[in-house]
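Everything on this sheet refers to the single structure shown next.
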Amino acid sequence: MSERAEQPQEYRGLDDSRVQLPQFQRVQLLTEVDSTNSYAQRALATADETQLCGWGELSVIATGNQVAGKGRLNRVWSAPAGTALATSFIIRPQANPAVNIPMAQYHWFTLLVALAAVQTWRELGVRAEIKWPNDVMVQGKKVCGVLAQLINLPSGEFAVVVGIGMNINLTAEQLPVPTATSALIESGRHHALEECLNLLGAQVHRYYRAFAAVSGNVHADLHLQGIPGSLLDLVRAKTATIGMNVNVHLPGDQIATGTAEDINDKGELVVHHEDGSRRAYAVGDIVHMRPR
Ligand code: BT5
């Protein structure tokens with residue numbers, strides 16, 4: 001990590017000479033785009049066989065100016081030009097005959113990328129945690145959102161596009177919502193978007209390779225240097241939601257209340273309800289969290 005404090009300059013696009021992601025088959029930097037996830041989807045939908053090969057097993061699309069960013073359920077993800085990083089990883093396990101991650105495990109890529117982001121924040125000097133199912137938080141405020149989409153390719157293969165927005169150099173006045181924060185606010189330093197992309201890409205690659213090496217088994221030790229444990233262990237250890245009282249807002253305006261106890265091996269949140277029952281939730285929004 002560079003010790004030099006980056007001063008903000010007028011945003012003119014990411015500087016490709018400062019982006020170093022040799023682990024990825026393709027790195028596509030865009031000065032501006034509607035949504036990196038939409039760009040990835042369009043690129044995959046229109047790719048012929050040769051172009052598809054070019055996207056390889058792991059690719060990355062990134063910009064510092066995403067003008068129509070998407071959240072889940074048609075929500076909006078936004079940040080002023082040049083202040084935040086919008087990245088989409090295209091993950092195609094089926095492009096590598098040596099890799100055998102069952103499709104039923106593809107949903108883990110959301111938490112895998114969130115975990116990679118937590119490590120990235122750590123390298124930026126900020127202690128972050130996962131908020132199940134797709135947020136990264138610092139001191140209870142949101143610094144990243146993850147949006148994963150499964151894409152059925154014309155060839156019949158499946159790819160996953162995992163998009164992540166990272167709030168880097170937003171000032172307090174630039175935050176789009178009061179529940180957000182940024183690396184600048186939390187660390188008092190500006191960070192080059194290219195440096196953040198390099199760190200994030202390296203972490204995503206590291207976790208993905210380890211997960212692929214155990215064929216997507218969430219219980220298998222990933223043999224990562226310095227941090228023993230399976231993907232499930234590592235996600236559990238970094239998830240702030242566990243141990244909190246939660247309201248789970250479910251589709252259809254239902255609300256379930258209880259204590260979040262665990263994440264199970266399907267990636268679901270296990271909630272112990274006030275009536276003593278336990279249920280695991282695969283989708284839903286945790287909108288209220290407080291320590292027990
Ligand atoms: C998410 O949705 O948090 C997923 C966000 C994914 C963004 C990435 S950027 C790269 C890729 N390309 C895309 O088009 N999207 C992905 P959700 O959990 O639904 O949260 C959305 C909510 O987060 C909004 O309704 C706002 O309240 C809040 N929000 C919007 N912009 C934010 C920001 N910059 N920081 C923190 N919160 C924000």
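In the structure tokens, the first chain shown is A, the next is B, and so on; residue numbers restart at 1 for each chain, and ligands run from 1 in the order shown.
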
Spatial neighbours of Gly188 in chain A, 12 Å, only C-alpha atoms, chain gap at least 4 places, as a ChimeraX atom specification: /A:5-7,124-126,168-172,181-184

If you take only C-alpha atoms and all ligand atoms and a cut-off of 7 Å, which residues of chain A touch ligand 1, and what are their nearest atom pairs and distances in Å to one decimal, in chain and number order, as a Markdown table?
| residue | atom | partner | partner_atom_place_in_ligand_line | distance |
| --- | --- | --- | --- | --- |
| A:Ser35 | CA | ligand 1 | 14 (O) | 4.0 |
| A:Thr36 | CA | ligand 1 | 12 (N) | 4.3 |
| A:Asn37 | CA | ligand 1 | 12 (N) | 4.3 |
| A:Ser38 | CA | ligand 1 | 14 (O) | 6.5 |
| A:Ala68 | CA | ligand 1 | 14 (O) | 6.5 |
| A:Gly69 | CA | ligand 1 | 14 (O) | 3.5 |
| A:Lys70 | CA | ligand 1 | 14 (O) | 3.6 |
| A:Gly71 | CA | ligand 1 | 2 (O) | 3.3 |
| A:Arg72 | CA | ligand 1 | 19 (O) | 3.6 |
| A:Leu73 | CA | ligand 1 | 19 (O) | 6.1 |
| A:Arg75 | CA | ligand 1 | 25 (O) | 4.8 |
| A:Val76 | CA | ligand 1 | 24 (C) | 5.2 |
| A:Trp77 | CA | ligand 1 | 31 (N) | 3.7 |
| A:Ser78 | CA | ligand 1 | 31 (N) | 4.2 |
| A:Ala79 | CA | ligand 1 | 34 (N) | 4.9 |
| A:Ala86 | CA | ligand 1 | 10 (C) | 4.1 |
| A:Thr87 | CA | ligand 1 | 10 (C) | 4.7 |
| A:Ser88 | CA | ligand 1 | 10 (C) | 5.5 |
| A:Asn134 | CA | ligand 1 | 18 (O) | 6.3 |
| A:Asp135 | CA | ligand 1 | 3 (O) | 5.9 |
| A:Lys142 | CA | ligand 1 | 36 (C) | 4.9 |
| A:Val143 | CA | ligand 1 | 36 (C) | 5.5 |
| A:Cys144 | CA | ligand 1 | 35 (N) | 6.3 |
| A:Gly145 | CA | ligand 1 | 3 (O) | 3.3 |
| A:Val146 | CA | ligand 1 | 4 (C) | 4.4 |
| A:Leu147 | CA | ligand 1 | 6 (C) | 4.5 |
| A:Gly163 | CA | ligand 1 | 11 (C) | 3.6 |
| A:Ile164 | CA | ligand 1 | 8 (C) | 4.0 |
| A:Gly165 | CA | ligand 1 | 9 (S) | 3.6 |
| A:Asn167 | CA | ligand 1 | 34 (N) | 5.8 |
| A:Leu175 | CA | ligand 1 | 34 (N) | 6.7 |
| A:Pro176 | CA | ligand 1 | 31 (N) | 5.7 |
| A:Val177 | CA | ligand 1 | 27 (O) | 5.9 |
| A:Thr179 | CA | ligand 1 | 37 (N) | 6.4 |
| A:Ala180 | CA | ligand 1 | 36 (C) | 4.2 |
| A:Thr181 | CA | ligand 1 | 36 (C) | 6.7 |

Please compute the CA of Pro178 in chain A-CA of Lys141 in chain A distance, one decimal, in Å. 8.5 Å

What's the 12 Å shell around Asp253 in chain A, counting only C-alpha atoms, without same-chain residues fewer than 4 positions away, as a short mmCIF file (atom, residue, chain, number, x, y, z; two decimals) with C-alpha atoms, in the first residue's frame?
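So part14.cif came out as:
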data_model
loop_
_atom_site.label_atom_id
_atom_site.label_comp_id
_atom_site.auth_asym_id
_atom_site.auth_seq_id
_atom_site.Cartn_x
_atom_site.Cartn_y
_atom_site.Cartn_z
CA ASN A 247 -35.67 -7.60 11.79
CA VAL A 248 -35.63 -9.55 8.57
CA HIS A 249 -37.77 -7.79 5.98
CA GLY A 284 -34.39 -10.67 2.97
CA ASP A 285 -33.15 -7.37 4.16
#

Would you list the contacts of Ala159 in chain A as a PDB file with all heavy atoms, in the first residue's frame, taking every protein, DNA or RNA residue within 12 Å and counting only C-alpha atoms, but skipping same-chain residues closer than 6 positions in sequence?
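File written: selection37.pdb
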ATOM      1  N   ALA A  40     -21.251  -5.796 -18.193  1.00  0.00           N
ATOM      2  CA  ALA A  40     -20.810  -7.203 -18.211  1.00  0.00           C
ATOM      3  C   ALA A  40     -21.878  -8.090 -18.850  1.00  0.00           C
ATOM      4  O   ALA A  40     -21.575  -8.948 -19.679  1.00  0.00           O
ATOM      5  CB  ALA A  40     -20.516  -7.669 -16.783  1.00  0.00           C
ATOM      6  N   GLN A  41     -23.125  -7.840 -18.471  1.00  0.00           N
ATOM      7  CA  GLN A  41     -24.226  -8.644 -19.032  1.00  0.00           C
ATOM      8  C   GLN A  41     -24.317  -8.478 -20.536  1.00  0.00           C
ATOM      9  O   GLN A  41     -24.477  -9.452 -21.269  1.00  0.00           O
ATOM     10  CB  GLN A  41     -25.559  -8.207 -18.418  1.00  0.00           C
ATOM     11  CG  GLN A  41     -25.869  -8.900 -17.119  1.00  0.00           C
ATOM     12  CD  GLN A  41     -27.160  -8.368 -16.547  1.00  0.00           C
ATOM     13  OE1 GLN A  41     -27.170  -7.324 -15.919  1.00  0.00           O
ATOM     14  NE2 GLN A  41     -28.253  -9.072 -16.777  1.00  0.00           N
ATOM     15  N   ALA A  43     -21.926  -7.521 -22.564  1.00  0.00           N
ATOM     16  CA  ALA A  43     -20.735  -8.092 -23.199  1.00  0.00           C
ATOM     17  C   ALA A  43     -20.881  -9.605 -23.330  1.00  0.00           C
ATOM     18  O   ALA A  43     -20.546 -10.187 -24.370  1.00  0.00           O
ATOM     19  CB  ALA A  43     -19.497  -7.750 -22.381  1.00  0.00           C
ATOM     20  N   LEU A  44     -21.424 -10.231 -22.297  1.00  0.00           N
ATOM     21  CA  LEU A  44     -21.568 -11.697 -22.333  1.00  0.00           C
ATOM     22  C   LEU A  44     -22.678 -12.113 -23.284  1.00  0.00           C
ATOM     23  O   LEU A  44     -22.559 -13.109 -24.007  1.00  0.00           O
ATOM     24  CB  LEU A  44     -21.843 -12.243 -20.931  1.00  0.00           C
ATOM     25  CG  LEU A  44     -20.698 -12.113 -19.920  1.00  0.00           C
ATOM     26  CD1 LEU A  44     -21.158 -12.536 -18.536  1.00  0.00           C
ATOM     27  CD2 LEU A  44     -19.480 -12.942 -20.343  1.00  0.00           C
ATOM     28  N   ALA A  45     -23.754 -11.327 -23.305  1.00  0.00           N
ATOM     29  CA  ALA A  45     -24.911 -11.698 -24.137  1.00  0.00           C
ATOM     30  C   ALA A  45     -24.574 -11.618 -25.615  1.00  0.00           C
ATOM     31  O   ALA A  45     -25.136 -12.358 -26.426  1.00  0.00           O
ATOM     32  CB  ALA A  45     -26.094 -10.791 -23.818  1.00  0.00           C
ATOM     33  N   LEU A  52     -16.003 -14.756 -26.058  1.00  0.00           N
ATOM     34  CA  LEU A  52     -16.278 -15.344 -24.751  1.00  0.00           C
ATOM     35  C   LEU A  52     -14.988 -15.902 -24.141  1.00  0.00           C
ATOM     36  O   LEU A  52     -14.701 -15.703 -22.959  1.00  0.00           O
ATOM     37  CB  LEU A  52     -17.321 -16.451 -24.898  1.00  0.00           C
ATOM     38  CG  LEU A  52     -18.005 -16.891 -23.633  1.00  0.00           C
ATOM     39  CD1 LEU A  52     -18.689 -15.728 -22.945  1.00  0.00           C
ATOM     40  CD2 LEU A  52     -19.024 -17.979 -23.956  1.00  0.00           C
ATOM     41  N   TRP A  55     -12.992 -13.402 -22.355  1.00  0.00           N
ATOM     42  CA  TRP A  55     -13.381 -13.036 -20.977  1.00  0.00           C
ATOM     43  C   TRP A  55     -12.851 -14.044 -19.961  1.00  0.00           C
ATOM     44  O   TRP A  55     -12.771 -13.733 -18.784  1.00  0.00           O
ATOM     45  CB  TRP A  55     -14.904 -12.895 -20.865  1.00  0.00           C
ATOM     46  CG  TRP A  55     -15.411 -11.651 -21.525  1.00  0.00           C
ATOM     47  CD1 TRP A  55     -16.091 -11.572 -22.694  1.00  0.00           C
ATOM     48  CD2 TRP A  55     -15.246 -10.295 -21.065  1.00  0.00           C
ATOM     49  NE1 TRP A  55     -16.366 -10.258 -22.993  1.00  0.00           N
ATOM     50  CE2 TRP A  55     -15.863  -9.453 -22.016  1.00  0.00           C
ATOM     51  CE3 TRP A  55     -14.647  -9.716 -19.946  1.00  0.00           C
ATOM     52  CZ2 TRP A  55     -15.889  -8.059 -21.889  1.00  0.00           C
ATOM     53  CZ3 TRP A  55     -14.665  -8.339 -19.813  1.00  0.00           C
ATOM     54  CH2 TRP A  55     -15.278  -7.522 -20.777  1.00  0.00           C
ATOM     55  N   GLY A  56     -12.533 -15.239 -20.427  1.00  0.00           N
ATOM     56  CA  GLY A  56     -11.839 -16.208 -19.581  1.00  0.00           C
ATOM     57  C   GLY A  56     -12.604 -16.623 -18.337  1.00  0.00           C
ATOM     58  O   GLY A  56     -13.813 -16.456 -18.241  1.00  0.00           O
ATOM     59  N   GLU A  57     -11.867 -17.187 -17.406  1.00  0.00           N
ATOM     60  CA  GLU A  57     -12.481 -17.676 -16.158  1.00  0.00           C
ATOM     61  C   GLU A  57     -12.759 -16.518 -15.198  1.00  0.00           C
ATOM     62  O   GLU A  57     -13.766 -16.508 -14.492  1.00  0.00           O
ATOM     63  CB  GLU A  57     -11.528 -18.686 -15.504  1.00  0.00           C
ATOM     64  CG  GLU A  57     -12.059 -19.312 -14.234  1.00  0.00           C
ATOM     65  CD  GLU A  57     -11.022 -20.211 -13.569  1.00  0.00           C
ATOM     66  OE1 GLU A  57      -9.860 -20.243 -14.028  1.00  0.00           O
ATOM     67  OE2 GLU A  57     -11.389 -20.880 -12.583  1.00  0.00           O
ATOM     68  N   LEU A  58     -11.851 -15.565 -15.175  1.00  0.00           N
ATOM     69  CA  LEU A  58     -11.982 -14.426 -14.250  1.00  0.00           C
ATOM     70  C   LEU A  58     -11.650 -13.140 -14.993  1.00  0.00           C
ATOM     71  O   LEU A  58     -10.549 -12.993 -15.526  1.00  0.00           O
ATOM     72  CB  LEU A  58     -10.959 -14.548 -13.124  1.00  0.00           C
ATOM     73  CG  LEU A  58     -11.269 -15.270 -11.843  1.00  0.00           C
ATOM     74  CD1 LEU A  58     -10.138 -15.069 -10.857  1.00  0.00           C
ATOM     75  CD2 LEU A  58     -12.601 -14.854 -11.223  1.00  0.00           C
ATOM     76  N   SER A  59     -12.608 -12.240 -15.015  1.00  0.00           N
ATOM     77  CA  SER A  59     -12.347 -10.945 -15.655  1.00  0.00           C
ATOM     78  C   SER A  59     -12.874  -9.836 -14.766  1.00  0.00           C
ATOM     79  O   SER A  59     -13.678 -10.087 -13.862  1.00  0.00           O
ATOM     80  CB  SER A  59     -13.044 -10.844 -17.007  1.00  0.00           C
ATOM     81  OG  SER A  59     -12.481 -11.721 -17.909  1.00  0.00           O
ATOM     82  N   PHE A  89     -16.901  -8.306 -11.337  1.00  0.00           N
ATOM     83  CA  PHE A  89     -16.075  -9.474 -11.647  1.00  0.00           C
ATOM     84  C   PHE A  89     -16.926 -10.449 -12.453  1.00  0.00           C
ATOM     85  O   PHE A  89     -18.051 -10.759 -12.055  1.00  0.00           O
ATOM     86  CB  PHE A  89     -15.588 -10.148 -10.362  1.00  0.00           C
ATOM     87  CG  PHE A  89     -14.671  -9.265  -9.565  1.00  0.00           C
ATOM     88  CD1 PHE A  89     -15.155  -8.487  -8.510  1.00  0.00           C
ATOM     89  CD2 PHE A  89     -13.325  -9.163  -9.893  1.00  0.00           C
ATOM     90  CE1 PHE A  89     -14.312  -7.642  -7.807  1.00  0.00           C
ATOM     91  CE2 PHE A  89     -12.478  -8.324  -9.195  1.00  0.00           C
ATOM     92  CZ  PHE A  89     -12.971  -7.563  -8.148  1.00  0.00           C
ATOM     93  N   ILE A  90     -16.395 -10.886 -13.576  1.00  0.00           N
ATOM     94  CA  ILE A  90     -17.077 -11.949 -14.318  1.00  0.00           C
ATOM     95  C   ILE A  90     -16.396 -13.256 -13.921  1.00  0.00           C
ATOM     96  O   ILE A  90     -15.177 -13.406 -14.091  1.00  0.00           O
ATOM     97  CB  ILE A  90     -16.986 -11.739 -15.847  1.00  0.00           C
ATOM     98  CG1 ILE A  90     -17.683 -10.428 -16.242  1.00  0.00           C
ATOM     99  CG2 ILE A  90     -17.617 -12.927 -16.586  1.00  0.00           C
ATOM    100  CD1 ILE A  90     -17.642 -10.138 -17.744  1.00  0.00           C
ATOM    101  N   ILE A  91     -17.168 -14.146 -13.338  1.00  0.00           N
ATOM    102  CA  ILE A  91     -16.617 -15.413 -12.850  1.00  0.00           C
ATOM    103  C   ILE A  91     -17.258 -16.542 -13.650  1.00  0.00           C
ATOM    104  O   ILE A  91     -18.481 -16.702 -13.662  1.00  0.00           O
ATOM    105  CB  ILE A  91     -16.895 -15.582 -11.339  1.00  0.00           C
ATOM    106  CG1 ILE A  91     -16.388 -14.343 -10.563  1.00  0.00           C
ATOM    107  CG2 ILE A  91     -16.235 -16.848 -10.803  1.00  0.00           C
ATOM    108  CD1 ILE A  91     -16.597 -14.406  -9.052  1.00  0.00           C
ATOM    109  N   ARG A  92     -16.406 -17.280 -14.348  1.00  0.00           N
ATOM    110  CA  ARG A  92     -16.903 -18.383 -15.193  1.00  0.00           C
ATOM    111  C   ARG A  92     -16.137 -19.663 -14.850  1.00  0.00           C
ATOM    112  O   ARG A  92     -15.236 -20.075 -15.586  1.00  0.00           O
ATOM    113  CB  ARG A  92     -16.711 -18.050 -16.667  1.00  0.00           C
ATOM    114  CG  ARG A  92     -17.579 -16.900 -17.154  1.00  0.00           C
ATOM    115  CD  ARG A  92     -17.239 -16.557 -18.595  1.00  0.00           C
ATOM    116  NE  ARG A  92     -17.335 -17.710 -19.449  1.00  0.00           N
ATOM    117  CZ  ARG A  92     -16.448 -18.006 -20.419  1.00  0.00           C
ATOM    118  NH1 ARG A  92     -15.401 -17.251 -20.640  1.00  0.00           N
ATOM    119  NH2 ARG A  92     -16.610 -19.083 -21.151  1.00  0.00           N
ATOM    120  N   PRO A  93     -16.509 -20.333 -13.761  1.00  0.00           N
ATOM    121  CA  PRO A  93     -15.801 -21.563 -13.401  1.00  0.00           C
ATOM    122  C   PRO A  93     -15.810 -22.573 -14.542  1.00  0.00           C
ATOM    123  O   PRO A  93     -14.847 -23.316 -14.732  1.00  0.00           O
ATOM    124  CB  PRO A  93     -16.584 -22.081 -12.190  1.00  0.00           C
ATOM    125  CG  PRO A  93     -17.276 -20.884 -11.641  1.00  0.00           C
ATOM    126  CD  PRO A  93     -17.572 -20.003 -12.815  1.00  0.00           C
ATOM    127  N   GLN A  94     -16.898 -22.577 -15.314  1.00  0.00           N
ATOM    128  CA  GLN A  94     -17.018 -23.573 -16.389  1.00  0.00           C
ATOM    129  C   GLN A  94     -16.048 -23.312 -17.542  1.00  0.00           C
ATOM    130  O   GLN A  94     -15.875 -24.171 -18.408  1.00  0.00           O
ATOM    131  CB  GLN A  94     -18.460 -23.609 -16.916  1.00  0.00           C
ATOM    132  CG  GLN A  94     -19.431 -24.164 -15.877  1.00  0.00           C
ATOM    133  CD  GLN A  94     -20.895 -23.920 -16.238  1.00  0.00           C
ATOM    134  OE1 GLN A  94     -21.212 -23.044 -17.036  1.00  0.00           O
ATOM    135  NE2 GLN A  94     -21.789 -24.686 -15.631  1.00  0.00           N
ATOM    136  N   ALA A  95     -15.395 -22.142 -17.536  1.00  0.00           N
ATOM    137  CA  ALA A  95     -14.404 -21.862 -18.588  1.00  0.00           C
ATOM    138  C   ALA A  95     -13.092 -22.590 -18.324  1.00  0.00           C
ATOM    139  O   ALA A  95     -12.222 -22.646 -19.187  1.00  0.00           O
ATOM    140  CB  ALA A  95     -14.151 -20.358 -18.675  1.00  0.00           C
ATOM    141  N   ASN A  96     -12.946 -23.130 -17.116  1.00  0.00           N
ATOM    142  CA  ASN A  96     -11.705 -23.832 -16.758  1.00  0.00           C
ATOM    143  C   ASN A  96     -12.022 -25.305 -16.484  1.00  0.00           C
ATOM    144  O   ASN A  96     -12.623 -25.630 -15.457  1.00  0.00           O
ATOM    145  CB  ASN A  96     -11.087 -23.169 -15.520  1.00  0.00           C
ATOM    146  CG  ASN A  96      -9.773 -23.799 -15.129  1.00  0.00           C
ATOM    147  OD1 ASN A  96      -9.392 -24.859 -15.659  1.00  0.00           O
ATOM    148  ND2 ASN A  96      -9.071 -23.171 -14.198  1.00  0.00           N
ATOM    149  N   ILE A 101     -16.672 -26.328  -9.599  1.00  0.00           N
ATOM    150  CA  ILE A 101     -17.512 -25.755  -8.535  1.00  0.00           C
ATOM    151  C   ILE A 101     -18.968 -25.991  -8.959  1.00  0.00           C
ATOM    152  O   ILE A 101     -19.395 -25.492 -10.002  1.00  0.00           O
ATOM    153  CB  ILE A 101     -17.267 -24.239  -8.366  1.00  0.00           C
ATOM    154  CG1 ILE A 101     -15.787 -23.954  -8.072  1.00  0.00           C
ATOM    155  CG2 ILE A 101     -18.153 -23.666  -7.254  1.00  0.00           C
ATOM    156  CD1 ILE A 101     -15.450 -22.472  -7.941  1.00  0.00           C
ATOM    157  N   MET A 103     -22.836 -25.627  -9.569  1.00  0.00           N
ATOM    158  CA  MET A 103     -23.603 -24.385  -9.717  1.00  0.00           C
ATOM    159  C   MET A 103     -24.344 -23.993  -8.447  1.00  0.00           C
ATOM    160  O   MET A 103     -24.570 -22.821  -8.188  1.00  0.00           O
ATOM    161  CB  MET A 103     -24.595 -24.534 -10.862  1.00  0.00           C
ATOM    162  CG  MET A 103     -24.008 -24.080 -12.173  1.00  0.00           C
ATOM    163  SD  MET A 103     -25.298 -23.949 -13.383  1.00  0.00           S
ATOM    164  CE  MET A 103     -26.288 -22.645 -12.718  1.00  0.00           C
ATOM    165  N   TYR A 106     -22.615 -21.361  -6.533  1.00  0.00           N
ATOM    166  CA  TYR A 106     -22.265 -20.070  -7.142  1.00  0.00           C
ATOM    167  C   TYR A 106     -22.734 -18.875  -6.303  1.00  0.00           C
ATOM    168  O   TYR A 106     -22.150 -17.807  -6.366  1.00  0.00           O
ATOM    169  CB  TYR A 106     -22.854 -19.937  -8.559  1.00  0.00           C
ATOM    170  CG  TYR A 106     -22.137 -20.702  -9.646  1.00  0.00           C
ATOM    171  CD1 TYR A 106     -21.156 -21.640  -9.361  1.00  0.00           C
ATOM    172  CD2 TYR A 106     -22.456 -20.482 -10.983  1.00  0.00           C
ATOM    173  CE1 TYR A 106     -20.527 -22.342 -10.377  1.00  0.00           C
ATOM    174  CE2 TYR A 106     -21.825 -21.176 -12.010  1.00  0.00           C
ATOM    175  CZ  TYR A 106     -20.857 -22.111 -11.696  1.00  0.00           C
ATOM    176  OH  TYR A 106     -20.243 -22.794 -12.712  1.00  0.00           O
ATOM    177  N   HIS A 107     -23.826 -19.075  -5.540  1.00  0.00           N
ATOM    178  CA  HIS A 107     -24.321 -17.938  -4.750  1.00  0.00           C
ATOM    179  C   HIS A 107     -23.297 -17.490  -3.702  1.00  0.00           C
ATOM    180  O   HIS A 107     -23.334 -16.363  -3.221  1.00  0.00           O
ATOM    181  CB  HIS A 107     -25.664 -18.284  -4.085  1.00  0.00           C
ATOM    182  CG  HIS A 107     -25.534 -19.336  -3.021  1.00  0.00           C
ATOM    183  ND1 HIS A 107     -25.280 -19.037  -1.709  1.00  0.00           N
ATOM    184  CD2 HIS A 107     -25.570 -20.687  -3.107  1.00  0.00           C
ATOM    185  CE1 HIS A 107     -25.189 -20.158  -1.016  1.00  0.00           C
ATOM    186  NE2 HIS A 107     -25.356 -21.176  -1.838  1.00  0.00           N
ATOM    187  N   PHE A 109     -20.392 -16.674  -4.249  1.00  0.00           N
ATOM    188  CA  PHE A 109     -19.506 -15.631  -4.779  1.00  0.00           C
ATOM    189  C   PHE A 109     -19.840 -14.247  -4.193  1.00  0.00           C
ATOM    190  O   PHE A 109     -18.983 -13.397  -4.093  1.00  0.00           O
ATOM    191  CB  PHE A 109     -19.535 -15.601  -6.310  1.00  0.00           C
ATOM    192  CG  PHE A 109     -18.988 -16.859  -6.946  1.00  0.00           C
ATOM    193  CD1 PHE A 109     -19.518 -17.342  -8.138  1.00  0.00           C
ATOM    194  CD2 PHE A 109     -17.949 -17.570  -6.358  1.00  0.00           C
ATOM    195  CE1 PHE A 109     -19.029 -18.498  -8.731  1.00  0.00           C
ATOM    196  CE2 PHE A 109     -17.450 -18.733  -6.937  1.00  0.00           C
ATOM    197  CZ  PHE A 109     -17.988 -19.192  -8.124  1.00  0.00           C
ATOM    198  N   ALA A 148     -24.873  -9.637  -7.145  1.00  0.00           N
ATOM    199  CA  ALA A 148     -24.456 -10.764  -7.999  1.00  0.00           C
ATOM    200  C   ALA A 148     -25.605 -11.172  -8.908  1.00  0.00           C
ATOM    201  O   ALA A 148     -26.765 -11.183  -8.498  1.00  0.00           O
ATOM    202  CB  ALA A 148     -24.034 -11.940  -7.136  1.00  0.00           C
ATOM    203  N   GLN A 149     -25.274 -11.483 -10.132  1.00  0.00           N
ATOM    204  CA  GLN A 149     -26.289 -11.919 -11.098  1.00  0.00           C
ATOM    205  C   GLN A 149     -25.789 -13.141 -11.851  1.00  0.00           C
ATOM    206  O   GLN A 149     -24.635 -13.164 -12.299  1.00  0.00           O
ATOM    207  CB  GLN A 149     -26.588 -10.772 -12.072  1.00  0.00           C
ATOM    208  CG  GLN A 149     -27.168  -9.558 -11.359  1.00  0.00           C
ATOM    209  CD  GLN A 149     -27.312  -8.349 -12.275  1.00  0.00           C
ATOM    210  OE1 GLN A 149     -26.354  -7.657 -12.578  1.00  0.00           O
ATOM    211  NE2 GLN A 149     -28.535  -8.117 -12.719  1.00  0.00           N
ATOM    212  N   LEU A 150     -26.671 -14.126 -11.937  1.00  0.00           N
ATOM    213  CA  LEU A 150     -26.331 -15.345 -12.682  1.00  0.00           C
ATOM    214  C   LEU A 150     -26.725 -15.135 -14.145  1.00  0.00           C
ATOM    215  O   LEU A 150     -27.848 -14.729 -14.435  1.00  0.00           O
ATOM    216  CB  LEU A 150     -27.106 -16.526 -12.092  1.00  0.00           C
ATOM    217  CG  LEU A 150     -26.829 -17.897 -12.700  1.00  0.00           C
ATOM    218  CD1 LEU A 150     -25.408 -18.363 -12.356  1.00  0.00           C
ATOM    219  CD2 LEU A 150     -27.848 -18.918 -12.192  1.00  0.00           C
ATOM    220  N   ILE A 151     -25.802 -15.394 -15.048  1.00  0.00           N
ATOM    221  CA  ILE A 151     -26.067 -15.155 -16.469  1.00  0.00           C
ATOM    222  C   ILE A 151     -26.024 -16.486 -17.219  1.00  0.00           C
ATOM    223  O   ILE A 151     -25.041 -17.226 -17.109  1.00  0.00           O
ATOM    224  CB  ILE A 151     -24.986 -14.224 -17.096  1.00  0.00           C
ATOM    225  CG1 ILE A 151     -24.688 -13.017 -16.203  1.00  0.00           C
ATOM    226  CG2 ILE A 151     -25.367 -13.821 -18.519  1.00  0.00           C
ATOM    227  CD1 ILE A 151     -25.706 -11.935 -16.217  1.00  0.00           C
ATOM    228  N   ASN A 152     -27.086 -16.730 -17.952  1.00  0.00           N
ATOM    229  CA  ASN A 152     -27.137 -17.922 -18.800  1.00  0.00           C
ATOM    230  C   ASN A 152     -26.602 -17.536 -20.182  1.00  0.00           C
ATOM    231  O   ASN A 152     -27.220 -16.751 -20.889  1.00  0.00           O
ATOM    232  CB  ASN A 152     -28.602 -18.383 -18.882  1.00  0.00           C
ATOM    233  CG  ASN A 152     -28.724 -19.750 -19.496  1.00  0.00           C
ATOM    234  OD1 ASN A 152     -27.756 -20.285 -20.043  1.00  0.00           O
ATOM    235  ND2 ASN A 152     -29.908 -20.319 -19.420  1.00  0.00           N
ATOM    236  N   LEU A 153     -25.446 -18.051 -20.536  1.00  0.00           N
ATOM    237  CA  LEU A 153     -24.810 -17.668 -21.795  1.00  0.00           C
ATOM    238  C   LEU A 153     -25.460 -18.395 -22.968  1.00  0.00           C
ATOM    239  O   LEU A 153     -26.036 -19.478 -22.790  1.00  0.00           O
ATOM    240  CB  LEU A 153     -23.315 -18.017 -21.737  1.00  0.00           C
ATOM    241  CG  LEU A 153     -22.534 -17.350 -20.609  1.00  0.00           C
ATOM    242  CD1 LEU A 153     -21.134 -17.920 -20.522  1.00  0.00           C
ATOM    243  CD2 LEU A 153     -22.488 -15.857 -20.843  1.00  0.00           C
TER     244      LEU A 153
END

Residues near Arg236 in chain A, anyone? I mean within 12 Å using only C-alpha atoms, not counting same-chain ones fewer than 5 positions away, as JSON, numbers by chain. {"A": [111, 112, 114, 115, 129, 130, 131, 132, 133, 218, 219, 229, 230, 231, 241, 242, 243, 260, 261, 262, 263, 264, 265, 267, 268, 269, 270]}

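Proximity ranking of A:Thr50, A:Thr257, A:Gln119, A:Asn198 relative to Val27 in chain A places A:Asn198 first, based on only C-alpha atoms.
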
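Note that the spacing between CA of Val19 in chain A and CA of Ala213 in chain A amounts to 26.3 Å.
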
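Of the residues listed (A:Ala81, A:Ala128, A:Val271, A:Leu250), A:Ala81 shows the shortest atom-to-atom separation from Leu193 in chain A; distances use only C-alpha atoms.
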
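With only C-alpha atoms as the atoms that count, the minimum distance from Ala192 in chain A to the choices A:Arg278, A:Lys238, A:Arg18, A:Arg26 is reached by A:Arg18.
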
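Taking only C-alpha atoms into account, Gln139 in chain A lies nearest to A:Ala240 out of the set A:Trp108, A:Ala116, A:Ile255, A:Ala240.
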
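Nearest residue to Tyr281 in chain A, choosing from A:Pro251, A:Pro154, A:Gly13, A:Gly226 and counting only C-alpha atoms: A:Pro251.
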
DSSP says strand (DSSP E or B) for which residues of range 16-227 of chain A? Put them as a count of residues only? 58

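Interatomic distance, CA of Met166 in chain A against CA of Tyr208 in chain A: 19.2 Å.
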
Closest of A:Leu29, A:Gln254, A:Val118, A:Val204 to Ala237 in chain A - atom-to-atom distances counting only C-alpha atoms: A:Val118

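Here the DSSP assignment of alpha helix (DSSP H), based on backbone atoms, applies within range 114-146 of chain A to Ala114, Leu115, Ala116, Ala117, Val118, Gln119, Thr120, Trp121, Arg122 and Glu123 of chain A.
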